[in-house]
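This is upload-v6.txt. It holds compact mmCIF, C-alpha atoms.
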# COMPACT_ATOMS: atom_id res chain seq x y z
CA MET A 553 134.51 104.05 33.58
CA THR A 554 132.55 101.75 31.25
CA ALA A 555 129.17 100.76 32.65
CA SER A 556 128.62 97.06 33.28
CA VAL A 557 125.69 95.52 31.46
CA LYS A 558 124.15 92.12 30.85
CA PRO A 559 125.97 90.54 27.88
CA ASP A 560 122.78 89.34 26.16
CA VAL A 561 121.20 92.82 26.29
CA ARG A 562 124.40 94.44 25.05
CA ALA A 563 124.61 91.90 22.20
CA HIS A 564 121.01 92.56 21.16
CA VAL A 565 121.43 96.33 21.20
CA ALA A 566 124.69 96.03 19.24
CA GLN A 567 122.93 93.93 16.61
CA VAL A 568 120.19 96.54 16.31
CA LEU A 569 122.77 99.32 15.91
CA LEU A 570 124.66 97.27 13.32
CA ALA A 571 121.52 97.48 11.19
CA ARG A 572 121.52 101.30 11.35
CA GLU A 573 123.62 103.30 8.93
CA VAL A 574 125.27 106.58 9.84
CA GLY A 575 122.57 109.24 9.69
CA GLN A 576 119.73 106.89 10.60
CA ARG A 577 117.61 107.04 13.73
CA ILE A 578 117.92 104.25 16.28
CA PRO A 579 114.93 102.77 18.14
CA THR A 580 113.85 104.58 21.27
CA VAL A 581 114.80 103.25 24.69
CA GLN A 582 111.20 102.12 25.10
CA GLU A 583 111.33 100.20 21.80
CA LEU A 584 114.61 98.57 22.84
CA GLN A 585 113.01 97.63 26.17
CA LEU A 586 110.27 95.78 24.33
CA SER A 587 112.67 93.94 22.00
CA THR A 588 115.12 92.97 24.77
CA GLY A 589 112.70 92.44 27.65
CA ALA A 590 115.10 94.47 29.81
CA GLY A 591 114.44 97.46 32.02
CA THR A 592 115.09 101.08 31.12
CA GLY A 593 118.29 101.29 33.15
CA THR A 594 119.75 98.16 31.55
CA VAL A 595 119.05 99.40 28.02
CA VAL A 596 120.56 102.81 28.79
CA LYS A 597 123.65 101.10 30.23
CA ALA A 598 124.00 98.99 27.07
CA LEU A 599 123.86 102.08 24.86
CA ARG A 600 126.34 103.91 27.07
CA ASN A 601 128.65 100.89 27.11
CA LEU A 602 128.73 100.70 23.32
CA GLN A 603 129.41 104.43 23.07
CA ASP A 604 132.14 104.36 25.71
CA SER A 605 133.89 101.49 23.89
CA GLY A 606 133.90 103.43 20.61
CA ALA A 607 131.59 100.98 18.85
CA VAL A 608 129.08 103.69 18.03
CA THR A 609 128.59 107.45 18.33
CA LEU A 610 125.04 108.59 18.99
CA THR A 611 123.66 112.13 18.88
CA ALA A 612 120.28 113.22 20.27
CA ARG A 613 118.44 115.53 17.86
CA GLY A 614 115.24 116.43 19.63
CA HIS A 615 112.09 115.36 17.82
CA GLN A 616 114.22 113.56 15.20
CA GLY A 617 115.30 111.08 17.84
CA THR A 618 118.78 109.69 18.47
CA ILE A 619 120.91 109.44 15.33
CA VAL A 620 123.93 107.28 14.52
CA THR A 621 126.72 109.75 13.73
CA GLY A 622 129.57 107.26 13.71
CA ARG A 623 130.16 103.56 14.14
CA ASP A 624 132.82 100.85 14.07
CA VAL A 625 131.20 97.90 12.31
CA GLY A 626 133.83 95.46 13.53
CA GLN A 627 133.32 96.42 17.16
CA LEU A 628 129.55 96.24 16.77
CA TRP A 629 129.81 92.81 15.10
CA ASN A 630 131.88 91.48 17.98
CA ALA A 631 129.69 93.16 20.60
CA ALA A 632 126.71 91.47 18.98
CA ALA A 633 128.51 88.14 19.57
CA LEU A 634 128.13 87.14 15.92
CA GLY A 635 131.38 85.15 15.92
CA ASN A 636 133.59 84.49 12.92
CA PHE A 637 132.56 85.61 9.46
CA ARG A 638 131.73 82.41 7.56
CA LEU A 639 132.65 82.50 3.86
CA ILE A 640 132.21 79.60 1.42
CA LEU A 641 134.18 79.60 -1.83
CA PRO A 642 134.61 77.43 -4.93
CA PRO A 643 137.21 74.62 -4.80
CA GLN A 644 140.76 75.78 -4.18
CA GLY A 645 143.15 76.13 -7.08
CA PRO A 646 142.36 79.18 -9.23
CA VAL A 647 144.48 82.21 -8.36
CA GLU A 648 141.45 84.49 -8.65
CA GLN A 649 139.77 82.78 -5.67
CA GLN A 650 142.96 83.02 -3.64
CA GLY A 651 143.05 86.75 -4.28
CA ILE A 652 139.43 87.28 -3.23
CA LEU A 653 139.93 85.33 -0.01
CA GLU A 654 143.13 87.23 0.79
CA VAL A 655 141.42 90.61 0.42
CA VAL A 656 138.31 89.64 2.39
CA GLN A 657 140.42 88.25 5.24
CA ALA A 658 142.61 91.36 5.33
CA ALA A 659 139.69 93.82 5.15
CA LEU A 660 137.76 92.15 7.95
CA HIS A 661 140.89 91.61 10.03
CA ASP A 662 141.41 95.37 9.92
CA VAL A 663 138.08 95.84 11.73
CA GLY A 664 138.71 93.00 14.18
CA VAL A 665 136.64 90.22 12.61
CA SER A 666 138.09 86.81 11.73
CA VAL A 667 137.10 84.98 8.54
CA VAL A 668 136.58 81.22 8.45
CA ALA A 669 136.64 79.87 4.89
CA ALA A 670 135.18 76.66 3.50
CA PHE A 671 135.30 75.35 -0.07
CA ARG A 672 132.60 73.54 -2.02
CA PRO A 673 131.90 72.93 -5.72
CA GLY A 674 128.69 74.09 -7.33
CA ALA A 675 127.43 77.67 -7.28
CA ARG A 676 123.85 76.53 -6.62
CA THR A 677 124.95 74.58 -3.53
CA ARG A 678 126.94 77.52 -2.16
CA LEU A 679 124.10 79.96 -2.83
CA GLU A 680 121.72 77.66 -0.96
CA ASP A 681 124.19 77.62 1.95
CA VAL A 682 123.88 81.41 2.18
CA TYR A 683 120.12 81.39 1.56
CA GLN A 684 119.66 78.87 4.39
CA GLU A 685 121.96 80.99 6.64
CA ARG A 686 124.61 78.29 7.02
CA PHE A 687 127.20 80.81 5.78
CA HIS A 688 127.32 84.59 5.79
CA ALA A 689 128.53 84.92 2.19
CA THR A 690 129.78 83.04 -0.84
CA VAL A 691 131.64 83.81 -4.06
CA THR A 692 130.23 82.93 -7.48
CA SER A 693 130.45 84.29 -10.97
CA ALA A 694 127.97 87.01 -11.88
CA GLY A 695 126.40 84.62 -14.39
CA ALA A 696 125.80 81.92 -11.78
CA LEU A 697 124.08 84.39 -9.44
CA ASP A 698 121.86 85.66 -12.26
CA ARG A 699 120.94 82.09 -13.16
CA HIS A 700 119.73 81.20 -9.65
CA ARG A 701 118.55 84.56 -8.31
CA GLU A 702 114.88 83.94 -9.19
CA ASN A 703 114.74 80.62 -7.31
CA LEU A 704 116.68 81.97 -4.33
CA PRO A 705 115.10 85.39 -3.72
CA GLY A 706 116.64 87.82 -1.31
CA LEU A 707 120.25 87.32 -2.37
CA SER A 708 122.40 90.18 -3.61
CA GLY A 709 125.95 90.40 -4.86
CA LEU A 710 128.87 92.78 -4.46
CA ASP A 711 130.26 92.92 -8.01
CA LEU A 712 134.06 92.84 -7.96
CA GLY A 713 134.42 93.78 -11.62
CA PRO A 714 135.25 92.10 -14.95
CA GLY A 715 137.89 89.38 -14.89
CA THR A 716 137.77 88.83 -11.13
CA PHE A 717 136.23 85.35 -11.28
CA TYR A 718 137.89 84.34 -14.55
CA SER A 719 140.84 86.56 -15.43
CA ASN A 720 141.50 87.44 -19.04
CA GLY A 721 142.64 84.34 -20.94
CA SER A 722 142.28 81.98 -17.96
CA LEU A 723 139.52 79.92 -19.59
CA VAL A 724 141.12 77.64 -22.17
CA VAL A 725 140.48 74.47 -24.12
CA VAL A 726 142.79 71.63 -23.12
CA GLU A 727 143.50 68.64 -25.39
CA HIS A 728 146.27 66.15 -25.98
CA ALA A 729 149.03 67.52 -28.20
CA GLY A 730 149.76 64.20 -29.92
CA ARG A 731 146.55 62.19 -29.79
CA LYS A 732 143.62 62.58 -32.17
CA PRO A 733 140.04 61.81 -31.08
CA GLN A 734 138.74 58.44 -32.28
CA GLY A 735 135.07 58.49 -33.17
CA ARG A 736 132.65 60.73 -31.34
CA LEU A 737 134.31 63.62 -29.49
CA ARG A 738 134.38 63.01 -25.72
CA VAL A 739 134.05 66.32 -23.86
CA GLY A 740 134.77 66.64 -20.15
CA ILE A 741 131.96 68.48 -18.38
CA ASP A 742 131.48 69.33 -14.72
CA ARG A 743 127.76 69.06 -14.06
CA ASN A 744 128.32 70.44 -10.56
CA SER A 745 129.52 73.74 -12.02
CA ASP A 746 126.99 76.02 -13.71
CA ASP A 747 129.74 77.92 -15.48
CA HIS A 748 131.59 74.84 -16.73
CA GLN A 749 128.41 73.28 -18.02
CA ARG A 750 127.44 76.44 -19.91
CA LEU A 751 130.94 76.90 -21.32
CA SER A 752 131.28 73.29 -22.44
CA GLU A 753 127.90 73.22 -24.14
CA ALA A 754 128.50 76.59 -25.80
CA GLU A 755 131.96 75.64 -27.05
CA PHE A 756 131.28 72.07 -28.22
CA GLY A 757 127.49 71.72 -28.49
CA ASP A 758 127.44 71.99 -32.28
CA ARG A 759 129.81 68.99 -32.63
CA ASP A 760 127.38 66.38 -31.25
CA PRO A 761 129.81 65.38 -28.48
CA GLU A 762 129.61 62.69 -25.83
CA TYR A 763 129.74 64.50 -22.51
CA VAL A 764 131.72 62.81 -19.73
CA GLN A 765 131.42 63.96 -16.13
CA CYS A 766 134.73 65.44 -14.98
CA PRO A 767 135.49 67.92 -12.15
CA PHE A 768 136.77 71.07 -13.87
CA VAL A 769 139.93 71.21 -11.76
CA LEU A 770 140.88 67.73 -13.06
CA ALA A 771 140.35 68.48 -16.76
CA PRO A 772 144.07 68.28 -17.72
CA ALA A 773 144.51 64.98 -15.88
CA ALA A 774 141.38 63.53 -17.54
CA VAL A 775 142.67 64.51 -21.00
CA LEU A 776 146.13 63.16 -20.26
CA ALA A 777 144.68 59.86 -19.05
CA GLY A 778 142.55 59.53 -22.17
CA ASP A 779 139.27 59.65 -20.25
CA VAL A 780 138.14 62.58 -22.40
CA ASP A 781 139.41 64.10 -25.64
CA VAL A 782 138.94 67.73 -24.74
CA ALA A 783 137.67 69.98 -21.96
CA VAL A 784 137.35 73.59 -20.95
CA TRP A 785 139.73 74.37 -18.11
CA HIS A 786 140.09 77.29 -15.74
CA SER A 787 143.86 77.46 -15.81
CA MET A 788 145.65 77.47 -12.47
CA PRO A 789 149.16 76.77 -11.13
CA THR A 790 150.28 73.15 -11.57
CA VAL A 791 153.40 71.27 -10.49
CA ILE A 792 154.27 70.54 -14.11
CA PRO A 793 153.20 73.02 -16.81
CA PRO A 794 150.49 71.34 -18.94
CA GLU A 795 152.44 71.91 -22.16
CA LEU A 796 155.40 69.94 -20.79
CA ALA A 797 153.03 67.10 -19.88
CA GLY A 798 152.01 66.75 -23.53
CA LEU A 799 148.88 68.89 -23.48
CA ARG A 800 147.87 71.74 -25.75
CA LEU A 801 146.06 74.80 -24.41
CA SER A 802 144.17 77.12 -26.72
CA PRO A 803 141.66 79.98 -26.35
CA LEU A 804 137.95 79.31 -26.62
CA ALA A 805 137.26 79.31 -30.36
CA THR A 806 133.50 79.82 -30.74
CA ALA A 807 131.40 82.94 -30.52
CA PRO A 808 128.90 81.27 -28.12
CA GLY A 809 131.76 80.24 -25.82
CA ARG A 810 133.22 83.73 -25.77
CA ALA A 811 129.75 85.20 -25.12
CA VAL A 812 129.39 83.02 -22.02
CA VAL A 813 132.81 84.18 -20.79
CA GLY A 814 131.64 87.78 -21.01
CA GLN A 815 128.67 86.98 -18.79
CA ILE A 816 130.54 85.02 -16.11
CA SER A 817 133.93 86.72 -15.83
CA PRO A 818 133.01 89.08 -12.93
CA ALA A 819 133.08 87.64 -9.41
CA VAL A 820 130.36 88.56 -6.94
CA ILE A 821 130.37 88.16 -3.17
CA VAL A 822 126.82 87.04 -2.43
CA THR A 823 124.95 87.75 0.81
CA ARG A 824 121.38 87.89 2.03
CA THR A 825 120.02 91.33 1.20
CA LEU A 826 118.25 91.59 4.55
CA ASP A 827 121.39 90.93 6.57
CA PRO A 828 122.58 94.46 7.32
CA GLY A 829 125.45 93.44 9.60
CA VAL A 830 127.02 91.18 6.97
CA ASN A 831 126.59 93.79 4.25
CA ALA A 832 128.04 96.50 6.49
CA LEU A 833 131.13 94.35 7.05
CA LEU A 834 131.54 93.57 3.38
CA ARG A 835 131.58 97.25 2.51
CA GLN A 836 135.10 97.14 3.91
CA VAL A 837 136.05 95.03 0.85
CA LYS A 838 137.10 97.25 -2.06
CA PRO A 839 136.89 95.83 -5.61
CA ALA A 840 140.04 97.77 -6.53
CA ASP A 841 141.96 95.88 -3.81
CA VAL A 842 140.73 92.57 -5.23
CA ALA A 843 141.85 93.45 -8.76
CA ARG A 844 145.24 94.63 -7.51
CA THR A 845 145.82 91.53 -5.38
CA GLN A 846 144.76 89.17 -8.15
CA SER A 847 147.08 90.90 -10.59
CA ARG A 848 150.00 90.44 -8.19
CA LEU A 849 149.21 86.77 -7.58
CA LEU A 850 148.75 86.04 -11.28
CA LYS A 851 152.16 87.56 -12.02
CA VAL A 852 153.74 85.42 -9.29
CA ALA A 853 152.03 82.31 -10.65
CA ALA A 854 153.21 83.06 -14.20
CA THR A 855 156.78 83.61 -12.99
CA GLU A 856 156.80 80.37 -11.00
CA SER A 857 155.34 78.45 -13.94
CA TYR A 858 158.02 79.82 -16.24
CA ALA A 859 160.77 79.02 -13.75
CA GLY A 860 159.38 75.51 -13.37
CA SER A 861 159.43 74.94 -17.11
CA LEU A 862 163.09 76.02 -17.26
CA ARG A 863 164.03 73.56 -14.53
CA LEU A 864 162.33 70.71 -16.36
CA HIS A 865 164.13 71.35 -19.67

Let me see whether you can do it: turn the structure in this file into C-alpha cells.
Amino acid sequence: MTASVKPDVRAHVAQVLLAREVGQRIPTVQELQLSTGAGTGTVVKALRNLQDSGAVTLTARGHQGTIVTGRDVGQLWNAAALGNFRLILPPQGPVEQQGILEVVQAALHDVGVSVVAAFRPGARTRLEDVYQERFHATVTSAGALDRHRENLPGLSGLDLGPGTFYSNGSLVVVEHAGRKPQGRLRVGIDRNSDDHQRLSEAEFGDRDPEYVQCPFVLAPAAVLAGDVDVAVWHSMPTVIPPELAGLRLSPLATAPGRAVVGQISPAVIVTRTLDPGVNALLRQVKPADVARTQSRLLKVAATESYAGSLRLH
C-alpha cells in the first residue's frame, strides 16, 4: 500500500529527484529535512511514495549514499506538480515548425506530460521568454541562438540537425512575374526576425535597396500588392500556389545569402541550462524523429500544392 504523504513535501522531493540523473547520489534524509522543513518520517514517506509509484528506483550503497538507479521523468515531473510543459514557437505556417511541435507533443505525451504551445515572432523575444522563465523552452534557428547567447547567458540548445528550421530549398526569393521594379529596389524585411533581417541584407545589401518592414509570412502578399518589389520568403503551404498568383520564386542567388542559410538552417530547442527537469524531459525528443516527421509533412504539403494547382488549371 502506498504511503500517504503531504503533497507539498512529495512535490519538493520529486523536484529534487528530477534533478538527479541515473547513477547520481540523492541528498540524505537530513538534507531533505532541511530543504523541506518536514520531519524525518514525512521525508521517508515521500521517498517511499515515489518509489512505490514507479517514479524512481533508489538503491542504498553504504558510504556512497543512496543512488538513483532508475526513474520515470514524466512521473517525477507530474509528482513535482510542475504542470503543463510550456513551449513557445515562431509564428505558425512553416511545415518545419509543425513537425517539431508534433514530435515534442508526442514524445512528452508518451511520458504523461502535456504540452501547451504558444506562437510569437522574433527569436530574441522568445529567448527572453525562456530566460525570464515565462516558458520552459522555445524553438529558434541555431544562428539566432548564437547571436543572442552572450546577452542571455545560461541558455542552451538541443540541436535538431541541418535543415530542421529551414528545410533544403525552403528559403526563396519571391518577386512579381510580370512587373519590373521602378526606381530604387524595395525589399521586404522583417525587423522582428533575426534570420529574415540577416538573409535580406545578405541577399540584397549590395544593391542599395529601400527596406520596407514586412512580416516574413506575408512576403508573397506584399509583393503581389506592390508594397515591395522583392522579398526573401520561407515557403509554406498556401491556398493558391504563388506561381499561379503571378509570382516568381527563385533560389537565393548570392554567396552571402547562401552562407547565412548554412548558419541558420538547423533548429534548436532552447532551454535554461540550469533547469534539469526541463532538460530531462526534452531528452525524450529525438532529432531523428523530427527529421522523419518533417520529411513526411513536407511530402504531404508538396502533394497538396500540386493537386491544388491541377484543380486551378

| field | A:Ala729 surroundings by all atoms listed in the file, 6 Å radius, close-in-sequence under 2 positions cut, as a list in words | value | Gly798, Leu799 and Arg800 of chain A

| query | In Å to one decimal, how far is atom CA of A:Gln749 from atom CA of A:Pro767? | reply |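 Atom-to-atom, atom CA of A:Pro767 and atom CA of A:Gln749 are spaced 10.6 Å apart.
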
| field | Long-range neighbours of A:His700 as a list of chain:residue names, 9 Å cut-off, all atoms listed in the file, 3 positions minimum in chain | value |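 My reading of the contact set: A:Ala675, A:Arg676, A:Leu679, A:Gly695, A:Ala696, A:Leu697, A:Asn703, A:Leu704, A:Pro705.
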
| stretch 829-838 of chain A: which residues within 9 Å, counting all atoms listed in the file, same-chain residues fewer than 6 positions away excluded, as JSON, numbers by chain? | {"A": [567, 570, 571, 572, 573, 625, 626, 628, 629, 637, 655, 656, 658, 659, 660, 662, 663, 665, 688, 689, 710, 712, 821, 823]}

Would you list the contacts of A:His786 as a PDB file with C-alpha atoms, keeping the file's coordinate frame, taking every protein, DNA or RNA residue within 12 Å and counting all atoms listed in the file, but skipping same-chain residues closer than 6 positions in sequence?
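Once written, out.pdb looks like this:
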ATOM      1  CA  PRO A 643     137.210  74.620  -4.800  1.00  0.00           C
ATOM      2  CA  GLN A 644     140.760  75.780  -4.180  1.00  0.00           C
ATOM      3  CA  GLY A 645     143.150  76.130  -7.080  1.00  0.00           C
ATOM      4  CA  PRO A 646     142.360  79.180  -9.230  1.00  0.00           C
ATOM      5  CA  VAL A 647     144.480  82.210  -8.360  1.00  0.00           C
ATOM      6  CA  GLU A 648     141.450  84.490  -8.650  1.00  0.00           C
ATOM      7  CA  GLN A 649     139.770  82.780  -5.670  1.00  0.00           C
ATOM      8  CA  PHE A 717     136.230  85.350 -11.280  1.00  0.00           C
ATOM      9  CA  TYR A 718     137.890  84.340 -14.550  1.00  0.00           C
ATOM     10  CA  SER A 719     140.840  86.560 -15.430  1.00  0.00           C
ATOM     11  CA  ASN A 720     141.500  87.440 -19.040  1.00  0.00           C
ATOM     12  CA  GLY A 721     142.640  84.340 -20.940  1.00  0.00           C
ATOM     13  CA  SER A 722     142.280  81.980 -17.960  1.00  0.00           C
ATOM     14  CA  LEU A 723     139.520  79.920 -19.590  1.00  0.00           C
ATOM     15  CA  VAL A 724     141.120  77.640 -22.170  1.00  0.00           C
ATOM     16  CA  VAL A 725     140.480  74.470 -24.120  1.00  0.00           C
ATOM     17  CA  VAL A 726     142.790  71.630 -23.120  1.00  0.00           C
ATOM     18  CA  ASP A 742     131.480  69.330 -14.720  1.00  0.00           C
ATOM     19  CA  SER A 745     129.520  73.740 -12.020  1.00  0.00           C
ATOM     20  CA  ASP A 747     129.740  77.920 -15.480  1.00  0.00           C
ATOM     21  CA  HIS A 748     131.590  74.840 -16.730  1.00  0.00           C
ATOM     22  CA  LEU A 751     130.940  76.900 -21.320  1.00  0.00           C
ATOM     23  CA  SER A 752     131.280  73.290 -22.440  1.00  0.00           C
ATOM     24  CA  PRO A 767     135.490  67.920 -12.150  1.00  0.00           C
ATOM     25  CA  PHE A 768     136.770  71.070 -13.870  1.00  0.00           C
ATOM     26  CA  VAL A 769     139.930  71.210 -11.760  1.00  0.00           C
ATOM     27  CA  LEU A 770     140.880  67.730 -13.060  1.00  0.00           C
ATOM     28  CA  ALA A 771     140.350  68.480 -16.760  1.00  0.00           C
ATOM     29  CA  PRO A 772     144.070  68.280 -17.720  1.00  0.00           C
ATOM     30  CA  LEU A 801     146.060  74.800 -24.410  1.00  0.00           C
ATOM     31  CA  SER A 802     144.170  77.120 -26.720  1.00  0.00           C
ATOM     32  CA  PRO A 803     141.660  79.980 -26.350  1.00  0.00           C
ATOM     33  CA  LEU A 804     137.950  79.310 -26.620  1.00  0.00           C
ATOM     34  CA  VAL A 813     132.810  84.180 -20.790  1.00  0.00           C
ATOM     35  CA  SER A 817     133.930  86.720 -15.830  1.00  0.00           C
TER      36      SER A 817
END

| request: Find, counting all atoms listed in the file, the residue in A:Arg743, A:Arg672, A:Arg638, A:His661 that gets nearest to A:Phe687. | output: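 Of the candidates, the smallest distance to A:Phe687 is held by A:Arg638.
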
Spatial neighbours of A:Pro733, max dist 10 Å, all atoms listed in the file, sep filter under 4 positions, as a CSV table (one decimal) with C-alpha atoms, in the coordinates of the input:
chain,number,residue,atom,x,y,z
A,727,GLU,CA,143.5,68.6,-25.4
A,728,HIS,CA,146.3,66.2,-26.0
A,737,LEU,CA,134.3,63.6,-29.5
A,738,ARG,CA,134.4,63.0,-25.7
A,778,GLY,CA,142.6,59.5,-22.2
A,780,VAL,CA,138.1,62.6,-22.4
A,781,ASP,CA,139.4,64.1,-25.6
A,782,VAL,CA,138.9,67.7,-24.7

| task | Counting only C-alpha atoms, select every polymer residue within 8 Å of (124.2, 107.5, 10.2) as defined in the file's coordinates, and provide the selection as a list in words. | result |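 Within the cut-off we find Arg572, Glu573, Val574, Gly575, Gln576, Arg577, Ile619, Val620, Thr621 and Gly622 of chain A.
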
| query | Please, what distance in Å, to one decimal, runs between atom CA of A:Gln616 and atom CA of A:Glu583? | reply |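 Going from atom CA of A:Gln616 over to atom CA of A:Glu583 covers 15.2 Å.
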
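Taking all atoms listed in the file into account, A:Leu569 lies nearest to A:Pro828 out of the set A:Pro828, A:Thr692, A:Ala811, A:Asn744.
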
| task | Could you check which of A:Asp698, A:Glu680, A:Asp711, A:Asp604 is closest to A:Ala843, using only C-alpha atoms? | result | A:Asp711

| said: Taking only C-alpha atoms into account, name the residue in A:Gly664, A:Gly614, A:Gly809, A:Gly651 that is nearest to A:Gly635. | reply: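 Residue with the minimum atom-to-atom distance to A:Gly635: A:Gly664.
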
| field | atom CA of A:Phe671 to atom CA of A:Ala853, distance in Å rounded to a single decimal | value |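 Separating atom CA of A:Phe671 from atom CA of A:Ala853 is a distance of 21.0 Å.
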
Taking (125.3, 86.5, 17.2) in the file's own coordinates, collect the residues within 10 Å, counting all atoms listed in the file, and hand them back as an mmCIF file with C-alpha atoms, in the frame of the given file.
data_model
loop_
_atom_site.group_PDB
_atom_site.id
_atom_site.type_symbol
_atom_site.label_atom_id
_atom_site.label_comp_id
_atom_site.auth_asym_id
_atom_site.auth_seq_id
_atom_site.Cartn_x
_atom_site.Cartn_y
_atom_site.Cartn_z
ATOM 1 C CA ASP A 560 122.780 89.340 26.160
ATOM 2 C CA ALA A 563 124.610 91.900 22.200
ATOM 3 C CA HIS A 564 121.010 92.560 21.160
ATOM 4 C CA ALA A 566 124.690 96.030 19.240
ATOM 5 C CA GLN A 567 122.930 93.930 16.610
ATOM 6 C CA TRP A 629 129.810 92.810 15.100
ATOM 7 C CA ASN A 630 131.880 91.480 17.980
ATOM 8 C CA ALA A 631 129.690 93.160 20.600
ATOM 9 C CA ALA A 632 126.710 91.470 18.980
ATOM 10 C CA ALA A 633 128.510 88.140 19.570
ATOM 11 C CA LEU A 634 128.130 87.140 15.920
ATOM 12 C CA GLY A 635 131.380 85.150 15.920
ATOM 13 C CA ASN A 636 133.590 84.490 12.920
#

| task | Return the single residue from A:Val565, A:Leu586, A:Ala669, A:Ala773 that is closest to A:Val608, with distances computed using only C-alpha atoms. | result | A:Val565

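Distance check against A:Arg759 using only C-alpha atoms: of A:Ala607, A:Ala797, A:Ala774, A:Val739, the minimum falls on A:Val739.
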
Could you write stretch 792-811 of chain A of the block just shown to a file containing N, CA and C atoms, as a CSV table (one decimal), in the first residue's frame?
chain,number,residue,atom,x,y,z
A,792,ILE,N,-3.5,29.2,-52.6
A,792,ILE,CA,-3.2,29.2,-54.1
A,792,ILE,C,-1.7,29.2,-54.2
A,793,PRO,N,-1.2,28.3,-55.0
A,793,PRO,CA,0.3,28.3,-55.2
A,793,PRO,C,0.8,29.7,-55.7
A,794,PRO,N,1.9,30.2,-55.2
A,794,PRO,CA,2.3,31.5,-55.5
A,794,PRO,C,2.5,31.7,-57.0
A,795,GLU,N,3.0,30.7,-57.7
A,795,GLU,CA,3.2,30.8,-59.2
A,795,GLU,C,1.9,31.1,-59.9
A,796,LEU,N,0.8,30.5,-59.5
A,796,LEU,CA,-0.5,30.7,-60.1
A,796,LEU,C,-1.1,32.1,-59.8
A,797,ALA,N,-0.5,32.7,-58.7
A,797,ALA,CA,-1.0,34.0,-58.4
A,797,ALA,C,-0.2,35.1,-59.1
A,798,GLY,N,0.8,34.7,-59.9
A,798,GLY,CA,1.6,35.7,-60.7
A,798,GLY,C,2.9,36.0,-60.1
A,799,LEU,N,3.4,35.2,-59.2
A,799,LEU,CA,4.6,35.4,-58.5
A,799,LEU,C,5.7,34.4,-59.0
A,800,ARG,N,6.9,34.8,-58.9
A,800,ARG,CA,8.1,34.0,-59.3
A,800,ARG,C,8.9,33.7,-58.1
A,801,LEU,N,9.2,32.4,-57.9
A,801,LEU,CA,10.1,32.0,-56.8
A,801,LEU,C,11.4,31.5,-57.3
A,802,SER,N,12.5,31.9,-56.7
A,802,SER,CA,13.8,31.5,-57.2
A,802,SER,C,14.7,31.3,-56.0
A,803,PRO,N,15.7,30.5,-56.1
A,803,PRO,CA,16.7,30.3,-55.0
A,803,PRO,C,17.4,31.5,-54.7
A,804,LEU,N,18.0,31.6,-53.5
A,804,LEU,CA,18.8,32.7,-53.1
A,804,LEU,C,20.0,32.7,-54.1
A,805,ALA,N,20.4,33.9,-54.6
A,805,ALA,CA,21.4,33.9,-55.7
A,805,ALA,C,22.8,34.3,-55.3
A,806,THR,N,23.0,34.9,-54.1
A,806,THR,CA,24.3,35.4,-53.7
A,806,THR,C,25.0,34.5,-52.7
A,807,ALA,N,26.3,34.6,-52.8
A,807,ALA,CA,27.1,33.8,-51.9
A,807,ALA,C,26.9,34.2,-50.4
A,808,PRO,N,26.8,35.5,-50.1
A,808,PRO,CA,26.5,35.9,-48.7
A,808,PRO,C,25.1,35.3,-48.2
A,809,GLY,N,24.1,35.3,-49.1
A,809,GLY,CA,22.8,34.8,-48.7
A,809,GLY,C,22.9,33.3,-48.4
A,810,ARG,N,23.6,32.6,-49.3
A,810,ARG,CA,23.7,31.1,-49.1
A,810,ARG,C,24.5,30.8,-47.8
A,811,ALA,N,25.5,31.7,-47.5
A,811,ALA,CA,26.3,31.5,-46.3
A,811,ALA,C,25.4,31.6,-45.0
